[in-house]
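Listing of entry_1.txt; format and content: compact mmCIF, C-alpha atoms.
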```
# COMPACT_ATOMS: atom_id res chain seq x y z
CA MET J 1 47.80 37.84 58.19
CA ILE J 2 44.05 37.84 57.63
CA CYS J 3 42.59 34.70 56.06
CA PRO J 4 39.01 34.46 54.78
CA ALA J 5 36.49 32.17 56.46
CA ASN J 6 35.50 28.81 54.94
CA VAL J 7 38.78 28.45 53.02
CA ASP J 8 41.51 25.90 53.84
CA HIS J 9 44.75 27.50 55.05
CA GLN J 10 48.28 26.19 55.57
CA PHE J 11 51.03 27.92 57.53
CA PHE J 12 54.68 26.93 57.07
CA ASN J 13 57.91 28.11 58.64
CA THR J 14 60.35 28.22 55.73
CA GLY J 15 63.23 29.60 57.80
CA ASP J 16 65.96 27.91 59.82
CA GLU J 17 64.72 29.17 63.19
CA PRO J 18 61.64 27.96 65.12
CA SER J 19 58.63 30.24 64.99
CA ASP J 20 55.52 30.85 67.06
CA HIS J 21 52.12 31.52 65.55
CA ILE J 22 48.94 32.94 66.99
CA VAL J 23 45.89 31.90 65.01
CA ILE J 24 42.38 33.08 65.80
CA LEU J 25 39.72 30.75 64.45
CA GLY J 26 36.09 29.91 64.80
CA SER J 27 34.99 27.53 67.52
CA ALA J 28 33.85 24.93 64.97
CA SER J 29 37.11 24.95 62.96
CA THR J 30 38.88 21.66 62.33
CA ILE J 31 42.67 21.70 62.69
CA VAL J 32 44.73 18.96 61.02
CA ASP J 33 48.45 18.21 60.84
CA ALA J 34 50.53 17.52 57.73
CA ASN J 35 49.13 13.95 57.59
CA GLN J 36 45.52 15.22 57.71
CA THR J 37 45.12 13.82 61.26
CA VAL J 38 42.73 15.94 63.31
CA MET J 39 44.50 17.78 66.13
CA HIS J 40 42.32 17.71 69.25
CA LEU J 41 43.08 21.01 70.94
CA PRO J 42 43.15 20.74 74.77
CA TRP J 43 41.17 23.93 75.38
CA ARG J 44 38.21 22.55 73.42
CA LYS J 45 37.50 19.79 75.94
```
Turn this file's structure into structure tokens for me.
Amino acid sequence: MICPANVDHQFFNTGDEPSDHIVILGSASTIVDANQTVMHLPWRK
């Protein structure tokens, strides 16, 4: 999937099985969970 820059995106697993996702994003991107809480990614420290 290719998503345009500067647009909010949401990814959902609608199936019954767990899924893995690989997302490539800009270094200044903000990642939030379903409650809009910022997720501090460990590799950005």
Name the residues in contact with J:Gly26 at a cut-off of 12 Å, using all atoms listed in the file, excluding same-chain residues fewer than 5 positions from it; report them as a compact mmCIF listing (two decimals) with C-alpha atoms, in the frame of the given file.
```
# COMPACT_ATOMS: atom_id res chain seq x y z
CA CYS J 3 42.59 34.70 56.06
CA PRO J 4 39.01 34.46 54.78
CA ALA J 5 36.49 32.17 56.46
CA ASN J 6 35.50 28.81 54.94
CA ILE J 31 42.67 21.70 62.69
CA ARG J 44 38.21 22.55 73.42
```
Can you tell me, as AutoDock Vina command-line options, the centre and edge lengths (Å, one decimal) of the axis-aligned box enclosing all of stretch 16-24 of chain J's listed atoms after padding each side by 3 Å?
```
--center_x 54.2 --center_y 30.5 --center_z 63.4 --size_x 29.6 --size_y 11.2 --size_z 13.2
```
Can you measure atom CA of J:His9 to atom CA of J:Leu41 for me? One decimal in Å is fine.
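Interatomic distance, atom CA of J:His9 to atom CA of J:Leu41: 17.2 Å.
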In Å, with one decimal, what is the gap from atom CA of J:Val32 to atom CA of J:Val7?
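One can read the atom CA of J:Val32 to atom CA of J:Val7 distance as 13.8 Å.
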Straight-line distance linking atom CA of J:Gln36 with atom CA of J:Gln10, stated in Å to one decimal
11.5 Å
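For the set J:Asn13, J:Asn35, J:Pro18, J:Ile24, the residue with the smallest atom-to-atom gap to J:Met1 is J:Ile24, counting all atoms listed in the file.
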Of the residues J:Asp16, J:Ser27, J:Asp8, J:His21, which is the one nearest to J:Lys45, using all atoms listed in the file?
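For J:Lys45, the nearest of the candidates is J:Ser27.
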